[in-house]
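For reference, work.csv is printed below; it contains CSV, C-alpha atoms.
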chain,number,residue,atom,x,y,z
P,1,MET,CA,0.0,0.0,0.0
P,2,MET,CA,0.9,3.7,-0.4
P,3,LYS,CA,3.5,3.1,-3.1
P,4,GLY,CA,3.1,5.4,-6.1
P,5,ILE,CA,1.4,8.3,-4.4
P,6,ARG,CA,2.6,11.6,-5.9
P,7,ASN,CA,0.2,14.0,-4.2
P,8,TRP,CA,0.8,13.3,-0.5
P,9,GLN,CA,-0.2,15.1,2.7
P,10,GLN,CA,2.3,13.2,4.9
P,11,GLN,CA,-0.3,10.8,6.3
P,12,ILE,CA,0.7,7.3,7.2
P,13,PRO,CA,-1.5,4.2,7.5
P,14,LEU,CA,-2.5,3.4,11.1
P,15,PRO,CA,-4.9,0.7,12.4
P,16,GLN,CA,-8.4,1.9,13.1
P,17,ASP,CA,-10.8,0.2,15.6
P,18,TYR,CA,-14.1,-0.2,13.7
P,19,SER,CA,-15.7,-2.4,16.3
P,20,GLY,CA,-18.4,-2.3,19.0
P,21,PRO,CA,-20.3,1.0,19.0
P,22,ASN,CA,-17.8,2.3,16.3
P,23,ALA,CA,-18.6,-0.6,13.9
P,24,TRP,CA,-20.0,-0.3,10.4
P,25,ARG,CA,-23.7,-0.5,10.0
P,26,LEU,CA,-25.1,-2.0,6.9
P,27,PRO,CA,-28.8,-2.7,6.2
P,28,LEU,CA,-29.5,-6.5,6.1
P,29,LYS,CA,-32.6,-5.7,4.0
P,30,PRO,CA,-31.9,-2.8,1.7
P,31,VAL,CA,-34.8,-0.6,0.7
P,32,PRO,CA,-35.0,1.1,-2.7
P,33,ALA,CA,-35.1,4.9,-2.3
P,34,SER,CA,-38.0,6.9,-3.9
P,35,THR,CA,-35.3,9.0,-5.5
P,36,PRO,CA,-31.7,7.8,-5.9
P,37,ALA,CA,-29.1,10.0,-4.2
P,38,MET,CA,-26.4,10.7,-6.7
P,39,ILE,CA,-22.8,11.1,-5.4
P,40,ARG,CA,-21.1,13.5,-7.8
P,41,GLY,CA,-20.5,16.6,-5.7
P,42,ARG,CA,-22.2,15.0,-2.7
P,43,PHE,CA,-21.1,12.6,0.0
P,44,LEU,CA,-17.6,14.0,-0.1
P,45,ARG,CA,-16.8,13.0,3.5
P,46,GLY,CA,-16.7,9.5,4.9
P,47,ALA,CA,-17.3,6.2,3.1
P,48,ILE,CA,-19.9,5.3,0.5
P,49,ALA,CA,-19.1,1.5,0.7
P,50,LEU,CA,-17.1,-1.1,2.6
P,51,ALA,CA,-14.7,-3.4,0.7
P,52,ALA,CA,-14.7,-7.2,1.2
P,53,ASN,CA,-11.4,-6.8,3.2
P,54,GLY,CA,-12.9,-4.3,5.6
P,55,VAL,CA,-11.3,-1.2,4.1
P,56,PRO,CA,-13.7,1.8,3.7
P,57,ILE,CA,-14.4,3.1,0.1
P,58,PHE,CA,-14.9,6.8,-0.2
P,59,ASN,CA,-16.3,8.8,-3.1
P,60,PRO,CA,-14.0,8.9,-6.2
P,61,GLN,CA,-13.9,12.6,-5.5
P,62,ASN,CA,-11.8,13.9,-2.6
P,63,ASN,CA,-13.2,16.4,-0.1
P,64,ARG,CA,-12.4,19.2,-2.6
P,65,GLY,CA,-14.4,17.6,-5.4
P,66,GLU,CA,-11.4,16.4,-7.4
P,67,ILE,CA,-11.1,12.9,-8.8
P,68,ALA,CA,-8.5,11.5,-6.4
P,69,LEU,CA,-7.1,9.0,-8.9
P,70,GLU,CA,-6.6,11.6,-11.6
P,71,ILE,CA,-4.4,13.9,-9.5
P,72,GLY,CA,-1.9,11.3,-8.1
P,73,GLU,CA,-3.4,10.9,-4.7
P,74,LEU,CA,-3.8,7.1,-4.8
P,75,ASP,CA,-1.5,4.1,-4.6
P,76,GLU,CA,-1.4,1.1,-6.8
P,77,TRP,CA,-4.5,-0.4,-5.0
P,78,GLY,CA,-6.6,2.8,-5.3
P,79,GLY,CA,-6.2,4.0,-1.7
P,80,HIS,CA,-4.5,6.5,0.5
P,81,CYS,CA,-4.6,7.8,4.1
P,82,GLY,CA,-7.0,10.4,5.3
P,83,ARG,CA,-6.3,13.2,7.8
P,84,ALA,CA,-6.6,10.8,10.7
P,85,ASP,CA,-4.1,8.4,9.1
P,86,ASP,CA,-7.0,6.2,8.2
P,87,TYR,CA,-6.3,4.1,5.0
P,88,HIS,CA,-9.2,4.0,2.6
P,89,TYR,CA,-10.0,3.5,-1.1
P,90,HIS,CA,-11.4,6.1,-3.6
P,91,VAL,CA,-12.0,3.5,-6.3
P,92,ALA,CA,-13.4,-0.1,-6.1
P,93,PRO,CA,-10.7,-2.6,-5.1
P,94,LEU,CA,-10.9,-4.7,-8.2
P,95,HIS,CA,-7.8,-6.6,-7.1
P,96,LEU,CA,-9.9,-8.3,-4.5
P,97,GLN,CA,-11.9,-10.1,-7.2
P,98,GLU,CA,-9.2,-12.8,-7.4
P,99,LYS,CA,-9.4,-13.2,-3.6
P,100,VAL,CA,-13.2,-13.4,-3.2
P,101,GLY,CA,-14.0,-15.2,-6.5
P,102,SER,CA,-15.6,-14.0,-9.7
P,103,GLY,CA,-19.1,-14.7,-8.4
P,104,ARG,CA,-18.8,-12.7,-5.2
P,105,PRO,CA,-19.0,-8.9,-4.6
P,106,VAL,CA,-15.9,-6.9,-3.9
P,107,ALA,CA,-17.8,-4.5,-1.6
P,108,VAL,CA,-21.1,-3.5,-0.1
P,109,ALA,CA,-22.5,0.0,-0.5
P,110,LEU,CA,-23.6,1.7,2.7
P,111,ASP,CA,-27.2,1.4,1.4
P,112,GLY,CA,-26.8,-2.4,1.8
P,113,TYR,CA,-26.6,-3.3,-1.9
P,114,PRO,CA,-23.6,-5.4,-3.1
P,115,VAL,CA,-20.9,-4.0,-5.5
P,116,TYR,CA,-19.6,-6.6,-8.1
P,117,GLY,CA,-16.7,-6.2,-10.4
P,118,PRO,CA,-17.0,-5.0,-14.0
P,119,THR,CA,-18.6,-8.3,-15.2
P,120,GLU,CA,-21.4,-10.6,-14.1
P,121,PRO,CA,-20.4,-13.8,-12.2
P,122,ASP,CA,-20.5,-15.8,-15.6
P,123,GLY,CA,-18.0,-13.3,-17.1
P,124,SER,CA,-20.5,-11.5,-19.3
P,125,SER,CA,-20.8,-7.7,-19.5
P,126,PRO,CA,-23.6,-6.2,-17.4
P,127,LYS,CA,-26.5,-4.8,-19.4
P,128,ASP,CA,-28.8,-1.9,-18.9
P,129,LEU,CA,-27.0,-0.3,-16.0
P,130,ASP,CA,-29.1,2.5,-14.5
P,131,ALA,CA,-28.0,6.0,-13.4
P,132,CYS,CA,-26.5,4.6,-10.2
P,133,HIS,CA,-24.4,2.1,-12.2
P,134,GLY,CA,-26.4,-0.8,-11.1
P,135,HIS,CA,-29.2,-3.1,-12.2
P,136,LYS,CA,-31.4,-6.0,-11.1
P,137,THR,CA,-31.0,-9.5,-12.3
P,138,PRO,CA,-33.1,-12.7,-11.4
P,139,GLU,CA,-30.0,-14.3,-9.9
P,140,LEU,CA,-28.6,-11.5,-7.8
P,141,GLY,CA,-31.4,-9.0,-7.4
P,142,TYR,CA,-30.3,-5.3,-7.4
P,143,HIS,CA,-26.5,-4.8,-7.4
P,144,TYR,CA,-23.9,-2.3,-8.5
P,145,HIS,CA,-21.0,-2.9,-11.0
P,146,ALA,CA,-17.7,-1.3,-10.4
P,147,SER,CA,-15.6,-0.1,-13.3
P,148,GLN,CA,-12.1,1.0,-14.2
P,149,LYS,CA,-13.2,4.5,-15.1
P,150,TYR,CA,-15.6,6.9,-13.4
P,151,PRO,CA,-17.7,6.3,-11.4
P,152,TYR,CA,-15.3,3.5,-10.4
P,153,VAL,CA,-17.6,2.2,-7.6
P,154,LEU,CA,-21.2,3.5,-7.9
P,155,ALA,CA,-22.7,6.7,-9.3
P,156,GLY,CA,-25.5,7.0,-6.7
P,157,PHE,CA,-27.3,5.2,-4.0
P,158,HIS,CA,-30.2,3.1,-5.3
P,159,GLY,CA,-31.1,2.3,-1.7
P,160,GLU,CA,-32.2,4.6,1.2
P,161,VAL,CA,-29.4,6.4,3.0
P,162,THR,CA,-29.4,9.3,5.4
P,163,GLU,CA,-27.2,12.2,4.4
P,164,ARG,CA,-25.8,14.4,7.2
P,165,GLY,CA,-22.8,16.6,7.2
P,166,GLU,CA,-21.8,15.7,3.6
P,167,GLN,CA,-21.7,11.9,4.4
P,168,VAL,CA,-23.8,8.9,4.9
P,169,ASP,CA,-25.0,8.8,8.5
P,170,PRO,CA,-24.3,7.0,10.8
P,171,GLN,CA,-20.8,5.6,10.2
P,172,PRO,CA,-17.7,5.0,12.3
P,173,ARG,CA,-15.2,7.7,13.1
P,174,ALA,CA,-11.5,7.3,12.6
P,175,GLN,CA,-9.4,7.8,15.7
P,176,PRO,CA,-6.2,9.8,15.1
P,177,PHE,CA,-2.9,9.8,17.1
P,178,ARG,CA,-1.6,13.1,15.7
P,179,PRO,CA,-2.6,16.3,13.9
P,180,ALA,CA,-3.3,16.2,10.2
P,181,GLY,CA,-0.3,16.7,7.9
P,182,GLU,CA,0.3,19.2,5.2
P,183,PRO,CA,1.0,18.6,1.5
P,184,LEU,CA,4.6,17.8,0.7
P,185,ARG,CA,5.1,19.1,-2.9
P,186,GLY,CA,7.4,17.0,-5.1
P,187,ALA,CA,7.4,13.9,-2.9
P,188,GLU,CA,6.6,10.4,-4.3
P,189,ILE,CA,6.1,7.4,-2.1
P,190,THR,CA,8.4,4.6,-3.2
P,191,GLY,CA,7.8,1.9,-0.7
P,192,PHE,CA,6.0,0.6,2.4
P,193,GLN,CA,6.7,-2.4,4.5
P,194,LYS,CA,6.0,-4.0,7.8
P,195,THR,CA,9.2,-4.2,9.8
P,196,GLY,CA,7.9,-5.9,13.0
P,197,THR,CA,4.9,-6.3,15.2
P,198,ASN,CA,3.1,-3.0,14.9
P,199,SER,CA,6.1,-1.5,13.2
P,200,TYR,CA,6.3,0.0,9.7
P,201,GLU,CA,8.5,1.9,7.3
P,202,LEU,CA,7.4,4.2,4.5
P,203,THR,CA,9.9,5.5,2.1
P,204,TYR,CA,9.7,8.4,-0.4
P,205,ARG,CA,11.8,10.5,-2.8
P,206,LEU,CA,12.0,14.3,-2.5
P,207,ASN,CA,14.3,16.5,-4.4
P,208,GLY,CA,16.4,13.5,-5.5
P,209,GLN,CA,16.9,12.2,-1.9
P,210,THR,CA,15.5,9.2,-0.2
P,211,TRP,CA,13.5,9.9,3.0
P,212,SER,CA,11.9,7.4,5.4
P,213,ILE,CA,9.3,7.4,8.1
P,214,LEU,CA,9.7,4.6,10.6
P,215,TYR,CA,6.9,4.2,13.1
P,216,SER,CA,5.6,1.8,15.7
P,217,ILE,CA,2.4,1.5,17.8
P,218,ASN,CA,2.5,0.5,21.4
P,219,GLY,CA,-1.0,0.5,22.9
P,220,GLN,CA,-2.2,4.1,22.8
P,221,SER,CA,1.2,5.5,21.9
P,222,LEU,CA,2.7,6.1,18.5
P,223,ARG,CA,6.4,6.7,17.9
P,224,VAL,CA,7.5,8.3,14.6
P,225,GLU,CA,11.1,8.7,13.3
P,226,THR,CA,11.8,10.7,10.1
P,227,LYS,CA,15.1,10.2,8.4
P,228,LYS,CA,16.8,11.7,5.4
P,229,GLY,CA,19.1,8.9,4.2
P,230,ASN,CA,20.6,7.6,7.5
P,231,GLU,CA,20.3,11.0,9.2
P,232,LEU,CA,17.6,11.3,11.9
P,233,ILE,CA,15.6,14.4,11.3
P,234,LYS,CA,12.8,14.1,13.8
P,235,ASN,CA,11.7,11.7,16.6
P,236,GLU,CA,8.2,12.2,17.8
P,237,THR,CA,5.8,10.5,20.2
P,238,TYR,CA,2.0,10.9,20.2
P,239,GLU,CA,-0.8,9.6,22.4
P,240,ARG,CA,-4.0,8.6,20.7
P,241,ARG,CA,-6.5,11.4,20.9
P,242,SER,CA,-10.0,11.1,22.5
P,243,PRO,CA,-12.1,8.1,21.3
P,244,PRO,CA,-14.6,8.6,18.5
P,245,PRO,CA,-18.1,9.5,19.5
P,246,GLN,CA,-20.5,6.6,19.6
P,247,PRO,CA,-23.1,6.4,16.9
P,248,THR,CA,-26.6,7.1,18.3
P,249,ARG,CA,-28.7,6.6,15.2
Could you quickly redo this structure as structure tokens?
Amino acid sequence: MMKGIRNWQQQIPLPQDYSGPNAWRLPLKPVPASTPAMIRGRFLRGAIALAANGVPIFNPQNNRGEIALEIGELDEWGGHCGRADDYHYHVAPLHLQEKVGSGRPVAVALDGYPVYGPTEPDGSSPKDLDACHGHKTPELGYHYHASQKYPYVLAGFHGEVTERGEQVDPQPRAQPFRPAGEPLRGAEITGFQKTGTNSYELTYRLNGQTWSILYSINGQSLRVETKKGNELIKNETYERRSPPPQPTR
């Protein structure tokens, strides 16, 4: 993950606790909306779907309305980290199709309807997709189809959702350790690896030099070292900030 990002705000992927009262809530019996809620220019905060591997999927547009993939914000898997160091996708994770199988969805939209890859389970191209980029078949009922171009995931919610504060409500809150970063112009992430239990290293190039961020998590503490080559530039420690509010709706 993270490799290939050229438009970076110095965020790093940190584990998020989406469990208990901060868990994802998906309708077991989706209800078609009287009017679909289209996502272009809307739902620019928070997730619109949840991938089969548990990673949230946000609108293809970032919170400024730009297509994140088109401006170098995403890695080779279609994801990046938000301001709370929360890793999420902005396109459908089509690479998961091989893991879940061709006849299974790669994600579930927050309205409860499944998101399949670009083809039907039998390999045929989907027909008669509606404005939301989905359709209904006898075998699968209503479902969306992801694509390799916009809208990437879905174009709108076929099912009922509640929109509040520019996002689907309710949904979990990411829990940050540290303040949000700032854009680092000219940087390109070149690598990311796990170096030990709860320890990671992210490398990037800036002005022809190799930089690295080595960080580790110990309970509610985060230690971050920033190096230019072998030279230690910064050594910081953070305590996880207050827990996310519990959903009440």
Report summary line: For Trp211 (chain P), the closest of P:Glu163, P:Asn198, P:Thr190, P:Gln11 counting all atoms listed in the file is P:Thr190
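Near (-5.2, 12.8, 20.9), the residues inside the 10 Å limit, counting only C-alpha atoms, come to Gln175, Pro176, Phe177, Arg178, Pro179, Gln220, Ser221, Tyr238, Glu239, Arg240, Arg241, Ser242 and Pro243 of chain P.
In this comparison, which uses all atoms listed in the file, the residue of P:Lys149, P:Pro93, P:Ile39, P:Glu73 approaching Ala187 (chain P) most closely is P:Glu73.
Take CA of Leu74 (chain P) and CA of Arg6 (chain P): the distance between them is 7.9 Å.
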**Report entry** All residues 10 Å or closer to Asn63 (chain P), all atoms listed in the file, same chain fewer than 2 positions away omitted, as a list in words
**Finding:** Gly41, Arg42, Phe43, Leu44, Arg45, Gly46, Phe58, Asn59, Pro60, Gln61, Gly65, Glu66, Ile67, Ala68 and Glu166 of chain P
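Of note, CA of Ile213 (chain P) and CA of Tyr89 (chain P) are spaced 21.7 Å apart.
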Report task. For CA of Tyr142 (chain P) and CA of His88 (chain P), quote the distance in Å rounded to one decimal. Result -> 25.1 Å
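Proximity to Ala37 (chain P) at 9 Å, evaluated using all atoms listed in the file and with sequence-adjacent residues fewer than 4 positions away removed, yields Ala33, Arg42, Cys132, Ala155, Gly156, Phe157, His158, Gly159, Glu160 and Val161 of chain P.
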Report task. Rank nothing, just name the residue among P:Ala23, P:Ile57, P:Ile189, P:Ala51 nearest to Asn7 (chain P), using all atoms listed in the file. Result -> P:Ile189
Requested in this report: For Val153 (chain P), work out the shell of residues within 8 Å, counting only C-alpha atoms and skipping chain neighbours fewer than 6 positions away, then give it as a ChimeraX atom specification.
Outcome: /P:60,91-92,115,144-147
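Closest approach to Asn22 (chain P) among P:Gln171, P:Glu139, P:Tyr87, P:Pro114 is made by P:Gln171 (distances from all atoms listed in the file).
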Query raised in the report: Nearest to Asp85 (chain P) among P:Val100, P:Leu129, P:Val108, P:Leu14, with distances taken over all atoms listed in the file: which residue is it?
Result: P:Leu14
Excluding Trp24 (chain P) and its own-chain neighbours fewer than 2 positions away, which residues fall within 12 Å of it when counting all atoms listed in the file? Please give them as a tab-separated table (two decimals) with C-alpha atoms, in the frame of the given file.
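Dumped everything to part-v1.tsv:
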chain	number	residue	atom	x	y	z
P	17	ASP	CA	-10.80	0.20	15.60
P	18	TYR	CA	-14.10	-0.20	13.70
P	19	SER	CA	-15.70	-2.40	16.30
P	20	GLY	CA	-18.40	-2.30	19.00
P	21	PRO	CA	-20.30	1.00	19.00
P	22	ASN	CA	-17.80	2.30	16.30
P	26	LEU	CA	-25.10	-2.00	6.90
P	27	PRO	CA	-28.80	-2.70	6.20
P	46	GLY	CA	-16.70	9.50	4.90
P	47	ALA	CA	-17.30	6.20	3.10
P	48	ILE	CA	-19.90	5.30	0.50
P	49	ALA	CA	-19.10	1.50	0.70
P	50	LEU	CA	-17.10	-1.10	2.60
P	51	ALA	CA	-14.70	-3.40	0.70
P	54	GLY	CA	-12.90	-4.30	5.60
P	55	VAL	CA	-11.30	-1.20	4.10
P	56	PRO	CA	-13.70	1.80	3.70
P	108	VAL	CA	-21.10	-3.50	-0.10
P	109	ALA	CA	-22.50	0.00	-0.50
P	110	LEU	CA	-23.60	1.70	2.70
P	111	ASP	CA	-27.20	1.40	1.40
P	112	GLY	CA	-26.80	-2.40	1.80
P	168	VAL	CA	-23.80	8.90	4.90
P	169	ASP	CA	-25.00	8.80	8.50
P	170	PRO	CA	-24.30	7.00	10.80
P	171	GLN	CA	-20.80	5.60	10.20
P	172	PRO	CA	-17.70	5.00	12.30
P	173	ARG	CA	-15.20	7.70	13.10
P	174	ALA	CA	-11.50	7.30	12.60
P	246	GLN	CA	-20.50	6.60	19.60
P	247	PRO	CA	-23.10	6.40	16.90
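Compared by their closest atoms to Val224 (chain P), and using all atoms listed in the file, the residues P:Glu98, P:Lys3, P:Ile12, P:Leu184 rank with P:Ile12 nearest.
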Query - Shell around region 200-203 of chain P at 12 Å using all atoms listed in the file, local window under 3 positions removed, as a ChimeraX atom specification - result: /P:1-5,10-15,187-197,206,209-217,222-229
Just the selected residues (C-alpha atoms), exported as a CSV table (one decimal), in the coordinates of the input, please.
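again29.csv, written as the output of this step:
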chain,number,residue,atom,x,y,z
P,1,MET,CA,0.0,0.0,0.0
P,2,MET,CA,0.9,3.7,-0.4
P,3,LYS,CA,3.5,3.1,-3.1
P,4,GLY,CA,3.1,5.4,-6.1
P,5,ILE,CA,1.4,8.3,-4.4
P,10,GLN,CA,2.3,13.2,4.9
P,11,GLN,CA,-0.3,10.8,6.3
P,12,ILE,CA,0.7,7.3,7.2
P,13,PRO,CA,-1.5,4.2,7.5
P,14,LEU,CA,-2.5,3.4,11.1
P,15,PRO,CA,-4.9,0.7,12.4
P,187,ALA,CA,7.4,13.9,-2.9
P,188,GLU,CA,6.6,10.4,-4.3
P,189,ILE,CA,6.1,7.4,-2.1
P,190,THR,CA,8.4,4.6,-3.2
P,191,GLY,CA,7.8,1.9,-0.7
P,192,PHE,CA,6.0,0.6,2.4
P,193,GLN,CA,6.7,-2.4,4.5
P,194,LYS,CA,6.0,-4.0,7.8
P,195,THR,CA,9.2,-4.2,9.8
P,196,GLY,CA,7.9,-5.9,13.0
P,197,THR,CA,4.9,-6.3,15.2
P,206,LEU,CA,12.0,14.3,-2.5
P,209,GLN,CA,16.9,12.2,-1.9
P,210,THR,CA,15.5,9.2,-0.2
P,211,TRP,CA,13.5,9.9,3.0
P,212,SER,CA,11.9,7.4,5.4
P,213,ILE,CA,9.3,7.4,8.1
P,214,LEU,CA,9.7,4.6,10.6
P,215,TYR,CA,6.9,4.2,13.1
P,216,SER,CA,5.6,1.8,15.7
P,217,ILE,CA,2.4,1.5,17.8
P,222,LEU,CA,2.7,6.1,18.5
P,223,ARG,CA,6.4,6.7,17.9
P,224,VAL,CA,7.5,8.3,14.6
P,225,GLU,CA,11.1,8.7,13.3
P,226,THR,CA,11.8,10.7,10.1
P,227,LYS,CA,15.1,10.2,8.4
P,228,LYS,CA,16.8,11.7,5.4
P,229,GLY,CA,19.1,8.9,4.2
